[in-house]
>>> print(open('run-v6.pdb').read())   # PDB, C-alpha atoms and all ligand atoms
ATOM      1  CA  MET A   1      -6.306   1.840 -27.214
ATOM      2  CA  SER A   2      -5.431   1.164 -23.611
ATOM      3  CA  TRP A   3      -3.644   3.944 -21.800
ATOM      4  CA  ILE A   4      -1.264   1.604 -19.974
ATOM      5  CA  GLN A   5      -0.383  -0.888 -22.712
ATOM      6  CA  GLU A   6       0.284   1.536 -25.539
ATOM      7  CA  ALA A   7       3.711   0.144 -26.453
ATOM      8  CA  GLU A   8       5.736  -2.974 -25.980
ATOM      9  CA  LEU A   9       9.269  -3.062 -24.604
ATOM     10  CA  ASN A  10      12.058  -2.703 -27.149
ATOM     11  CA  LEU A  11      14.545  -5.507 -27.787
ATOM     12  CA  ARG A  12      17.151  -4.332 -25.241
ATOM     13  CA  GLU A  13      14.485  -3.821 -22.589
ATOM     14  CA  ARG A  14      12.967  -7.242 -23.299
ATOM     15  CA  LEU A  15      16.374  -8.869 -22.964
ATOM     16  CA  CYS A  16      17.012  -7.150 -19.631
ATOM     17  CA  ALA A  17      13.519  -8.094 -18.401
ATOM     18  CA  SER A  18      14.122 -11.774 -19.235
ATOM     19  CA  ILE A  19      17.421 -11.753 -17.342
ATOM     20  CA  LEU A  20      15.826 -10.116 -14.296
ATOM     21  CA  LYS A  21      12.960 -12.604 -14.333
ATOM     22  CA  VAL A  22      15.437 -15.433 -13.658
ATOM     23  CA  GLY A  23      15.715 -14.048 -10.114
ATOM     24  CA  PRO A  24      12.998 -13.401  -7.528
ATOM     25  CA  MET A  25      10.679 -10.654  -8.790
ATOM     26  CA  PRO A  26       8.755  -8.244  -6.556
ATOM     27  CA  GLU A  27       5.019  -8.847  -6.862
ATOM     28  CA  HIS A  28       3.974  -5.539  -5.379
ATOM     29  CA  VAL A  29       5.910  -2.285  -5.884
ATOM     30  CA  ALA A  30       5.132   1.058  -4.212
ATOM     31  CA  PHE A  31       6.314   4.401  -5.580
ATOM     32  CA  ILE A  32       6.814   7.801  -3.987
ATOM     33  CA  MET A  33       6.838   9.780  -7.229
ATOM     34  CA  ASP A  34       8.882  12.758  -6.129
ATOM     35  CA  GLY A  35      10.581  15.586  -8.019
ATOM     36  CA  ASN A  36       7.869  16.932 -10.353
ATOM     37  CA  ARG A  37       8.417  20.600  -9.439
ATOM     38  CA  ARG A  38      12.222  20.363  -9.590
ATOM     39  CA  TYR A  39      11.812  18.790 -13.015
ATOM     40  CA  ALA A  40       9.579  21.684 -14.090
ATOM     41  CA  GLN A  41      12.147  24.183 -12.810
ATOM     42  CA  LYS A  42      14.991  22.332 -14.533
ATOM     43  CA  CYS A  43      13.122  22.263 -17.858
ATOM     44  CA  ARG A  44      11.781  25.829 -17.408
ATOM     45  CA  VAL A  45       8.174  24.748 -17.773
ATOM     46  CA  GLU A  46       5.125  25.499 -15.606
ATOM     47  CA  ARG A  47       4.715  23.546 -12.365
ATOM     48  CA  GLU A  48       1.515  22.043 -13.733
ATOM     49  CA  GLN A  49       3.493  20.660 -16.645
ATOM     50  CA  GLY A  50       5.822  18.947 -14.167
ATOM     51  CA  HIS A  51       2.873  17.211 -12.494
ATOM     52  CA  SER A  52       1.316  16.374 -15.827
ATOM     53  CA  ARG A  53       4.555  14.777 -17.066
ATOM     54  CA  GLY A  54       4.692  12.966 -13.720
ATOM     55  CA  PHE A  55       1.343  11.430 -14.512
ATOM     56  CA  GLU A  56       2.451  10.402 -18.012
ATOM     57  CA  LYS A  57       5.496   8.791 -16.402
ATOM     58  CA  LEU A  58       3.195   6.818 -14.136
ATOM     59  CA  ALA A  59       1.413   5.419 -17.210
ATOM     60  CA  GLU A  60       4.764   4.429 -18.731
ATOM     61  CA  THR A  61       5.971   2.867 -15.472
ATOM     62  CA  LEU A  62       2.780   0.792 -15.182
ATOM     63  CA  ARG A  63       3.458  -0.567 -18.662
ATOM     64  CA  TRP A  64       6.980  -1.605 -17.622
ATOM     65  CA  CYS A  65       5.566  -3.193 -14.479
ATOM     66  CA  LEU A  66       3.051  -5.196 -16.509
ATOM     67  CA  ASN A  67       5.871  -6.432 -18.733
ATOM     68  CA  LEU A  68       7.902  -7.387 -15.670
ATOM     69  CA  ASN A  69       4.985  -9.400 -14.214
ATOM     70  CA  ILE A  70       4.627  -7.004 -11.288
ATOM     71  CA  ARG A  71       1.046  -7.721 -10.234
ATOM     72  CA  GLU A  72       0.330  -4.719  -8.069
ATOM     73  CA  VAL A  73       1.498  -1.108  -7.882
ATOM     74  CA  THR A  74       0.727   1.452  -5.171
ATOM     75  CA  VAL A  75       1.508   5.154  -5.651
ATOM     76  CA  TYR A  76       1.569   8.134  -3.316
ATOM     77  CA  ALA A  77      -0.378  10.575  -5.465
ATOM     78  CA  PHE A  78      -1.247  13.197  -2.875
ATOM     79  CA  SER A  79      -0.372  13.381   0.806
ATOM     80  CA  ILE A  80      -2.574  15.107   3.401
ATOM     81  CA  GLU A  81       0.490  17.356   3.893
ATOM     82  CA  ASN A  82       0.201  18.451   0.239
ATOM     83  CA  PHE A  83      -2.927  20.451   1.173
ATOM     84  CA  LYS A  84      -0.475  22.951   2.711
ATOM     85  CA  ARG A  85       0.804  23.896  -0.761
ATOM     86  CA  SER A  86      -0.452  27.046  -2.472
ATOM     87  CA  LYS A  87      -4.152  27.074  -3.393
ATOM     88  CA  GLU A  88      -3.206  27.403  -7.061
ATOM     89  CA  GLU A  89      -1.024  24.273  -6.970
ATOM     90  CA  VAL A  90      -3.542  22.235  -4.941
ATOM     91  CA  ASP A  91      -6.348  23.249  -7.333
ATOM     92  CA  GLY A  92      -4.156  22.319 -10.303
ATOM     93  CA  LEU A  93      -3.344  18.903  -8.805
ATOM     94  CA  MET A  94      -7.029  18.288  -8.028
ATOM     95  CA  GLU A  95      -7.973  19.133 -11.602
ATOM     96  CA  LEU A  96      -5.254  16.812 -12.907
ATOM     97  CA  ALA A  97      -6.505  14.065 -10.587
ATOM     98  CA  ARG A  98     -10.109  14.674 -11.719
ATOM     99  CA  GLN A  99      -9.149  14.200 -15.367
ATOM    100  CA  LYS A 100      -6.745  11.347 -14.801
ATOM    101  CA  PHE A 101      -8.865   9.397 -12.333
ATOM    102  CA  THR A 102     -11.591   9.267 -14.965
ATOM    103  CA  ARG A 103      -9.084   7.641 -17.271
ATOM    104  CA  LEU A 104      -7.792   5.343 -14.528
ATOM    105  CA  LEU A 105     -11.321   4.132 -13.768
ATOM    106  CA  GLU A 106     -11.705   3.091 -17.409
ATOM    107  CA  GLU A 107      -8.653   0.828 -17.143
ATOM    108  CA  GLN A 108      -8.393  -2.743 -15.923
ATOM    109  CA  CYS A 109      -6.012  -1.505 -13.277
ATOM    110  CA  PHE A 110      -3.684  -3.191 -10.871
ATOM    111  CA  LEU A 111      -2.981   0.179  -9.322
ATOM    112  CA  ASN A 112      -3.707   1.506  -5.816
ATOM    113  CA  VAL A 113      -3.712   5.300  -5.675
ATOM    114  CA  CYS A 114      -3.114   6.837  -2.226
ATOM    115  CA  PHE A 115      -4.780  10.207  -2.436
ATOM    116  CA  ALA A 116      -5.161  12.591   0.545
ATOM    117  CA  TYR A 117      -3.336   9.873   2.456
ATOM    118  CA  THR A 118      -0.831   9.636   5.294
ATOM    119  CA  SER A 119       0.198   6.471   7.034
ATOM    120  CA  ARG A 120      -0.222   7.827  10.574
ATOM    121  CA  HIS A 121      -3.761   8.855   9.725
ATOM    122  CA  GLU A 122      -4.419   5.364   8.343
ATOM    123  CA  ILE A 123      -2.971   3.650  11.440
ATOM    124  CA  THR A 124      -4.920   5.956  13.777
ATOM    125  CA  SER A 125      -8.201   5.170  12.056
ATOM    126  CA  ALA A 126      -7.373   1.438  12.207
ATOM    127  CA  VAL A 127      -6.832   1.717  15.980
ATOM    128  CA  ARG A 128     -10.148   3.629  16.282
ATOM    129  CA  GLU A 129     -11.913   0.906  14.310
ATOM    130  CA  MET A 130     -10.629  -1.756  16.728
ATOM    131  CA  ALA A 131     -11.550   0.380  19.769
ATOM    132  CA  LEU A 132     -15.063   0.692  18.353
ATOM    133  CA  GLY A 133     -15.206  -3.092  17.939
ATOM    134  CA  VAL A 134     -14.337  -3.494  21.637
ATOM    135  CA  GLU A 135     -16.832  -0.823  22.685
ATOM    136  CA  GLU A 136     -19.608  -2.527  20.719
ATOM    137  CA  GLY A 137     -18.749  -5.882  22.288
ATOM    138  CA  LEU A 138     -17.680  -7.511  19.010
ATOM    139  CA  LEU A 139     -14.090  -7.874  20.241
ATOM    140  CA  LYS A 140     -12.346  -8.412  23.563
ATOM    141  CA  PRO A 141      -9.350  -6.151  24.288
ATOM    142  CA  SER A 142      -7.145  -9.282  24.197
ATOM    143  CA  ASP A 143      -8.273  -9.969  20.567
ATOM    144  CA  LEU A 144      -6.305  -6.930  19.360
ATOM    145  CA  SER A 145      -3.206  -8.009  17.506
ATOM    146  CA  GLU A 146      -0.809  -6.967  14.771
ATOM    147  CA  SER A 147      -2.652  -9.013  12.202
ATOM    148  CA  LEU A 148      -6.019  -7.540  13.221
ATOM    149  CA  LEU A 149      -4.620  -4.021  12.924
ATOM    150  CA  GLY A 150      -3.312  -4.983   9.482
ATOM    151  CA  TRP A 151      -6.868  -5.957   8.488
ATOM    152  CA  CYS A 152      -8.151  -2.560   9.611
ATOM    153  CA  LEU A 153      -5.771  -0.675   7.296
ATOM    154  CA  TYR A 154      -6.982   0.613   3.918
ATOM    155  CA  SER A 155      -4.525  -1.795   2.300
ATOM    156  CA  SER A 156      -6.117  -4.919   3.814
ATOM    157  CA  GLY A 157      -6.471  -7.649   1.238
ATOM    158  CA  SER A 158      -3.318  -6.503  -0.553
ATOM    159  CA  PRO A 159       0.036  -8.092   0.180
ATOM    160  CA  ASP A 160       2.619  -5.693   1.651
ATOM    161  CA  PRO A 161       4.870  -4.116  -0.991
ATOM    162  CA  ASP A 162       8.048  -6.104  -1.663
ATOM    163  CA  LEU A 163       9.791  -3.013  -2.958
ATOM    164  CA  LEU A 164       9.310   0.688  -2.263
ATOM    165  CA  ILE A 165      10.957   3.200  -4.575
ATOM    166  CA  ARG A 166      11.338   6.922  -3.899
ATOM    167  CA  THR A 167      12.730   9.179  -6.560
ATOM    168  CA  SER A 168      14.410  12.608  -6.455
ATOM    169  CA  GLY A 169      17.123  11.758  -3.924
ATOM    170  CA  GLU A 170      14.985  12.321  -0.808
ATOM    171  CA  VAL A 171      15.695   9.565   1.712
ATOM    172  CA  ARG A 172      12.578   9.497   3.876
ATOM    173  CA  LEU A 173       9.173   7.801   3.730
ATOM    174  CA  SER A 174       7.128  10.983   4.271
ATOM    175  CA  ASP A 175       4.396   9.119   6.127
ATOM    176  CA  PHE A 176       3.764   6.601   3.337
ATOM    177  CA  LEU A 177       2.916   2.934   4.111
ATOM    178  CA  LEU A 178       4.892   2.986   7.386
ATOM    179  CA  TRP A 179       3.177  -0.185   8.669
ATOM    180  CA  GLN A 180       3.232  -2.062   5.360
ATOM    181  CA  THR A 181       6.924  -1.567   4.528
ATOM    182  CA  SER A 182       8.599  -3.006   7.618
ATOM    183  CA  HIS A 183       9.963  -5.898   5.535
ATOM    184  CA  SER A 184      10.116  -4.187   2.152
ATOM    185  CA  CYS A 185      13.271  -3.347   0.260
ATOM    186  CA  LEU A 186      13.547   0.462   0.294
ATOM    187  CA  VAL A 187      15.279   1.989  -2.709
ATOM    188  CA  PHE A 188      16.031   5.711  -2.937
ATOM    189  CA  GLN A 189      17.033   6.927  -6.397
ATOM    190  CA  PRO A 190      18.341  10.399  -7.320
ATOM    191  CA  VAL A 191      16.402  10.662 -10.604
ATOM    192  CA  LEU A 192      13.459  13.118 -10.725
ATOM    193  CA  TRP A 193      10.140  11.284 -11.212
ATOM    194  CA  PRO A 194       9.266  12.643 -14.697
ATOM    195  CA  GLU A 195      12.723  11.431 -15.866
ATOM    196  CA  TYR A 196      12.334   7.921 -14.433
ATOM    197  CA  SER A 197      13.453   5.258 -16.903
ATOM    198  CA  PHE A 198      13.040   1.543 -17.468
ATOM    199  CA  TRP A 199      16.702   1.195 -16.474
ATOM    200  CA  ASN A 200      16.075   2.949 -13.139
ATOM    201  CA  LEU A 201      13.321   0.425 -12.450
ATOM    202  CA  CYS A 202      15.593  -2.501 -13.371
ATOM    203  CA  GLN A 203      18.280  -1.135 -11.063
ATOM    204  CA  ALA A 204      15.783  -1.001  -8.162
ATOM    205  CA  ILE A 205      14.632  -4.566  -8.889
ATOM    206  CA  LEU A 206      18.252  -5.709  -8.928
ATOM    207  CA  GLN A 207      18.729  -4.150  -5.499
ATOM    208  CA  TYR A 208      15.626  -6.033  -4.331
ATOM    209  CA  GLN A 209      17.048  -9.291  -5.686
ATOM    210  CA  VAL A 210      20.406  -8.794  -3.942
ATOM    211  CA  ASN A 211      18.614  -8.188  -0.612
ATOM    212  CA  HIS A 212      15.898 -10.810  -1.142
ATOM    213  CA  PRO A 213      17.358 -13.606   1.077
ATOM    214  CA  ALA A 214      17.785 -11.286   4.086
ATOM    215  CA  LEU A 215      14.326  -9.706   3.595
ATOM    216  CA  GLN A 216      12.672 -13.095   3.251
ATOM    217  CA  LYS A 217      14.386 -14.422   6.375
ATOM    218  CA  ALA A 218      13.339 -11.416   8.460
ATOM    219  CA  LYS A 219       9.753 -11.692   7.181
ATOM    220  CA  LEU A 220       9.464 -15.414   7.993
ATOM    221  CA  LEU A 221      10.953 -14.914  11.472
ATOM    222  CA  HIS A 222       8.477 -12.128  12.139
ATOM    223  CA  GLU A 223       5.511 -14.232  10.970
ATOM    224  CA  ALA A 224       6.608 -17.086  13.251
ATOM    225  CA  ALA A 225       6.965 -14.653  16.195
ATOM    226  CA  CYS A 226       3.415 -13.338  15.562
ATOM    227  CA  ARG A 227       1.971 -16.871  15.544
ATOM    228  CA  HIS A 228       3.806 -17.650  18.783
ATOM    229  CA  GLN A 229       2.547 -14.419  20.402
ATOM    230  CA  GLN A 230      -1.036 -15.339  19.501
ATOM    231  CA  VAL A 231      -0.738 -18.811  21.066
ATOM    232  CA  GLU A 232       0.766 -17.253  24.212
ATOM    233  CA  ALA A 233      -1.967 -14.588  24.355
ATOM    234  CA  ASP A 234      -4.731 -17.251  24.132
ATOM    235  CA  ARG A 235      -3.032 -19.320  26.830
ATOM    236  CA  ALA A 236      -2.718 -16.276  29.130
ATOM    237  CA  CYS A 237      -6.435 -15.475  28.694
ATOM    238  CA  VAL A 238      -7.477 -19.050  29.563
ATOM    239  CA  LEU A 239      -5.165 -19.176  32.592
ATOM    240  CA  GLU A 240      -6.551 -15.858  33.776
ATOM    241  CA  GLN A 241     -10.132 -17.158  33.434
ATOM    242  CA  LEU A 242      -9.209 -20.341  35.336
ATOM    243  CA  GLY A 243      -7.514 -18.296  38.045
ATOM    244  CA  THR A 244     -10.630 -16.149  38.454
ATOM    245  CA  VAL A 245     -12.908 -19.164  39.006
ATOM    246  CA  GLY A 246     -10.294 -20.835  41.236
ATOM    247  CA  GLU A 247     -10.006 -23.785  38.817
ATOM    248  CA  THR A 248      -6.672 -25.575  38.344
ATOM    249  CA  GLY A 249      -7.512 -28.527  35.993
ATOM    250  CA  GLY A 250      -5.155 -30.990  34.274
ATOM    251  CA  THR A 251      -2.851 -30.213  31.321
ATOM    252  CA  GLU A 252      -5.190 -31.925  28.819
ATOM    253  CA  CYS A 253      -8.173 -29.980  30.079
ATOM    254  CA  LYS A 254      -6.212 -26.703  29.807
ATOM    255  CA  GLN A 255      -5.148 -27.586  26.272
ATOM    256  CA  GLU A 256      -8.767 -28.154  25.285
ATOM    257  CA  LEU A 257      -9.829 -24.883  26.877
ATOM    258  CA  ILE A 258      -7.090 -23.028  24.983
ATOM    259  CA  LEU A 259      -8.246 -24.579  21.689
ATOM    260  CA  LYS A 260     -11.855 -23.643  22.469
ATOM    261  CA  TYR A 261     -10.778 -20.113  23.347
ATOM    262  CA  SER A 262      -8.814 -19.746  20.062
ATOM    263  CA  ARG A 263     -11.833 -20.908  18.048
ATOM    264  CA  GLU A 264     -14.070 -18.391  19.804
ATOM    265  CA  ARG A 265     -11.530 -15.611  19.289
ATOM    266  CA  GLU A 266     -11.253 -16.462  15.590
ATOM    267  CA  GLU A 267     -15.025 -16.308  15.325
ATOM    268  CA  ARG A 268     -15.174 -12.891  17.029
ATOM    269  CA  VAL A 269     -12.424 -11.588  14.747
ATOM    270  CA  SER A 270     -14.115 -12.998  11.668
ATOM    271  CA  ASN A 271     -17.467 -11.333  12.583
ATOM    272  CA  PHE A 272     -15.670  -8.063  13.218
ATOM    273  CA  ARG A 273     -13.905  -8.259   9.859
ATOM    274  CA  GLN A 274     -17.141  -9.063   8.088
ATOM    275  CA  ARG A 275     -18.763  -5.991   9.610
ATOM    276  CA  LEU A 276     -15.770  -3.862   8.627
ATOM    277  CA  GLU A 277     -15.965  -5.223   5.079
ATOM    278  CA  ASN A 278     -19.672  -4.309   4.841
ATOM    279  CA  LYS A 279     -18.996  -0.837   6.219
ATOM    280  CA  ARG A 280     -16.268  -0.279   3.613
ATOM    281  CA  ARG A 281     -18.413  -1.560   0.769
ATOM    282  CA  LYS A 282     -21.148   0.857   1.775
ATOM    283  CA  PHE A 283     -18.637   3.722   2.044
ATOM    284  CA  LEU A 284     -17.297   2.987  -1.455
ATOM    285  CA  THR A 285     -20.769   2.657  -2.978
ATOM    286  CA  ASP A 286     -21.783   6.013  -1.455
ATOM    287  CA  LEU A 287     -18.506   7.574  -2.626
ATOM    288  CA  VAL A 288     -18.905   6.338  -6.208
ATOM    289  CA  GLN A 289     -22.511   7.567  -6.288
ATOM    290  CA  SER A 290     -21.644  10.987  -4.912
ATOM    291  CA  SER A 291     -18.630  11.449  -7.236
ATOM    292  CA  ALA A 292     -20.286  10.179 -10.415
ATOM    293  CA  PRO A 293     -21.338  13.661 -11.630
ATOM    294  CA  PHE A 294     -17.885  15.002 -10.714
ATOM    295  CA  LEU A 295     -16.033  12.329 -12.699
ATOM    296  CA  ARG A 296     -18.205  12.344 -15.855
ATOM    297  CA  VAL A 297     -16.500  15.035 -17.941
TER     298      VAL A 297
HETATM  299  C1  LIG B   1       5.829  15.051  -5.967
HETATM  300  O1  LIG B   1       6.595  16.018  -6.635
HETATM  301  C2  LIG B   1       4.586  14.757  -6.675
HETATM  302  C3  LIG B   1       3.327  15.052  -6.249
HETATM  303  C4  LIG B   1       3.005  15.748  -5.000
HETATM  304  C5  LIG B   1       2.162  14.708  -7.056
HETATM  305  C6  LIG B   1       2.262  13.329  -7.613
HETATM  306  C7  LIG B   1       1.224  13.168  -8.616
HETATM  307  C8  LIG B   1       1.454  12.714  -9.863
HETATM  308  C9  LIG B   1       2.721  12.229 -10.405
HETATM  309  C10 LIG B   1       0.294  12.648 -10.756
HETATM  310  C11 LIG B   1      -0.428  11.352 -10.528
HETATM  311  C12 LIG B   1      -1.860  11.601 -10.473
HETATM  312  C13 LIG B   1      -2.802  10.648 -10.289
HETATM  313  C14 LIG B   1      -4.215  11.014 -10.429
HETATM  314  C15 LIG B   1      -2.478   9.242  -9.965
HETATM  315  P1  LIG B   1       6.755  17.403  -5.922
HETATM  316  O2  LIG B   1       5.573  18.245  -6.277
HETATM  317  O3  LIG B   1       6.943  17.163  -4.441
HETATM  318  O4  LIG B   1       8.052  17.995  -6.574
HETATM  319  P2  LIG B   1       9.385  18.453  -5.823
HETATM  320  O5  LIG B   1       9.770  17.347  -4.896
HETATM  321  O6  LIG B   1      10.354  18.664  -6.924
HETATM  322  O7  LIG B   1       9.042  19.716  -5.085
HETATM  323 MG    MG B   2       8.607  16.616  -3.261
END
>>> encode(input="run-v6.pdb", output="structure tokens")
Amino acid sequence: MSWIQEAELNLRERLCASILKVGPMPEHVAFIMDGNRRYAQKCRVEREQGHSRGFEKLAETLRWCLNLNIREVTVYAFSIENFKRSKEEVDGLMELARQKFTRLLEEQCFLNVCFAYTSRHEITSAVREMALGVEEGLLKPSDLSESLLGWCLYSSGSPDPDLLIRTSGEVRLSDFLLWQTSHSCLVFQPVLWPEYSFWNLCQAILQYQVNHPALQKAKLLHEAACRHQQVEADRACVLEQLGTVGETGGTECKQELILKYSREREERVSNFRQRLENKRRKFLTDLVQSSAPFLRV
């Protein structure tokens, strides 16, 4: 039987889910699953047990998400910072990941697992990728934009999370999805991750629904500002080119040149993205091949 869909919601949960679904529902939810060790301490069990229960809670939460029509979930499973923990704990977490990833790979999952991840690292490598594109002549420096950087992130192809939830009462993002959450509803809940309940999730969704109009407005305004910036950037490039060749030209002629320039820019960006896509596919194929013996237990 499937790991995620082992049980249905009970009557009270189903009723609450139907009420929530009348309002706007988040399509993509991100979790910072925090508080495993405090839970272990509180319950006087081994640290490993805390992490293991944390994983079981993830399975349960994914089931709730499926029932709430949440199409995508992203979790912060292991930060690059976590490598600074004791060797024993890191080894234990790696072993847990090794076992659980095998199970995750068997599932039809709608889950993104951020492992050995930090957002600054992700953004830095996206900037490097664009710099490489310029160096190789695929891009012009003026082609660099917010949307292009977004495409260079590991999350490209996924919509930004509508809702980000952090448990355990900590009120910081700890270098998780810093770029992707600028218009997300951020909900910080005091509950420790292994004790997370369906009702905690409903409460977070309710908070999202209350803030939805303001979030939506800010997002639309930002998208419009980005489109405007792009038009202005193309115009500035054309005017600069005309200035260099000492050409003045009429308004209609300039308009045509701007349109031509935008088409060429879109083509450069599309070629660059295609190359990035191929590079990633190759990286993933190599990764799967090299980890196959490691994952088959
Ligand atoms: C934070 O609690 C949790 C982690 C660092 C590990 C999260 C991993 C899981 C829940 C298992 C999921 C595994 C996979 C393969 C998806 P903490 O250790 O920071 O506890 P504390 O905040 O109480 O110290
Ligand atoms: Mg913690």
>>> closest_residue(input="run-v6.pdb", among="A:His228, A:Arg166, A:Lys87, A:Arg128", to="Asp34 (chain A)", atoms="all atoms listed in the file")
A:Arg166
>>> closest_residue(input="run-v6.pdb", among="A:Arg280, A:Arg275, A:His28, A:Lys84", to="Ala116 (chain A)", atoms="all atoms listed in the file")
A:Lys84
>>> atom_distance(input="run-v6.pdb", atom1="CA of Glu13 (chain A)", atom2="CA of Ser184 (chain A)")
25.1 Å
>>> resolve_selection(input="run-v6.pdb", expression="the PyMOL selection byres (((chain A and resi 174) around 10) and not hetatm)", output="ChimeraX atom specification")
/A:32,76,79,81,118-119,170-173,175-178
>>> write_last_selection(input="run-v6.pdb", atoms="C-alpha atoms", output="compact mmCIF listing (two decimals), in the frame of the given file")
# COMPACT_ATOMS: atom_id res chain seq x y z
CA ILE A 32 6.81 7.80 -3.99
CA TYR A 76 1.57 8.13 -3.32
CA SER A 79 -0.37 13.38 0.81
CA GLU A 81 0.49 17.36 3.89
CA THR A 118 -0.83 9.64 5.29
CA SER A 119 0.20 6.47 7.03
CA GLU A 170 14.98 12.32 -0.81
CA VAL A 171 15.70 9.56 1.71
CA ARG A 172 12.58 9.50 3.88
CA LEU A 173 9.17 7.80 3.73
CA ASP A 175 4.40 9.12 6.13
CA PHE A 176 3.76 6.60 3.34
CA LEU A 177 2.92 2.93 4.11
CA LEU A 178 4.89 2.99 7.39
>>> resolve_selection(input="run-v6.pdb", expression="the PyMOL selection byres (((chain A and resi 206) around 12) and not hetatm)", output="list in words")
Cys16, Ala17, Ile19, Leu20, Lys21, Val22, Gly23, Pro24, Met25, Pro26, Leu163, Cys185, Val187, Trp199, Asn200, Leu201, Cys202, Gln203, Ala204, Ile205, Gln207, Tyr208, Gln209, Val210, Asn211 and His212 of chain A
>>> atom_distance(input="run-v6.pdb", atom1="CA of Ala292 (chain A)", atom2="CA of Phe31 (chain A)")
27.6 Å
>>> closest_residue(input="run-v6.pdb", among="A:Leu62, A:Val29, A:Ala97, A:Cys152", to="ligand LIG 1 (chain B)", atoms="only C-alpha atoms and all ligand atoms")
A:Ala97
>>> residues_near_ligand(input="run-v6.pdb", ligand="ligand MG 2 (chain B)", cutoff="10 Å", atoms="all atoms listed in the file", output="mmCIF file with C-alpha atoms, in the coordinates of the input")
data_model
loop_
_atom_site.group_PDB
_atom_site.id
_atom_site.type_symbol
_atom_site.label_atom_id
_atom_site.label_comp_id
_atom_site.auth_asym_id
_atom_site.auth_seq_id
_atom_site.Cartn_x
_atom_site.Cartn_y
_atom_site.Cartn_z
ATOM 1 C CA ILE A 32 6.814 7.801 -3.987
ATOM 2 C CA MET A 33 6.838 9.780 -7.229
ATOM 3 C CA ASP A 34 8.882 12.758 -6.129
ATOM 4 C CA GLY A 35 10.581 15.586 -8.019
ATOM 5 C CA ASN A 36 7.869 16.932 -10.353
ATOM 6 C CA ARG A 37 8.417 20.600 -9.439
ATOM 7 C CA ARG A 38 12.222 20.363 -9.590
ATOM 8 C CA ASN A 82 0.201 18.451 0.239
ATOM 9 C CA THR A 167 12.730 9.179 -6.560
ATOM 10 C CA SER A 168 14.410 12.608 -6.455
ATOM 11 C CA GLY A 169 17.123 11.758 -3.924
ATOM 12 C CA GLU A 170 14.985 12.321 -0.808
ATOM 13 C CA SER A 174 7.128 10.983 4.271
ATOM 14 C CA LEU A 192 13.459 13.118 -10.725
ATOM 15 C CA TRP A 193 10.140 11.284 -11.212
#
>>> axis_aligned_box(input="run-v6.pdb", around="ligand LIG 1 (chain B)", padding_each_side="3 Å", output="lines of an AutoDock Vina configuration file")
center_x = 3.1
center_y = 14.5
center_z = -7.6
size_x = 20.6
size_y = 16.5
size_z = 12.3
>>> closest_residue(input="run-v6.pdb", among="A:Glu72, A:Asp286, A:Glu122, A:Glu256", to="Leu164 (chain A)", atoms="only C-alpha atoms")
A:Glu72
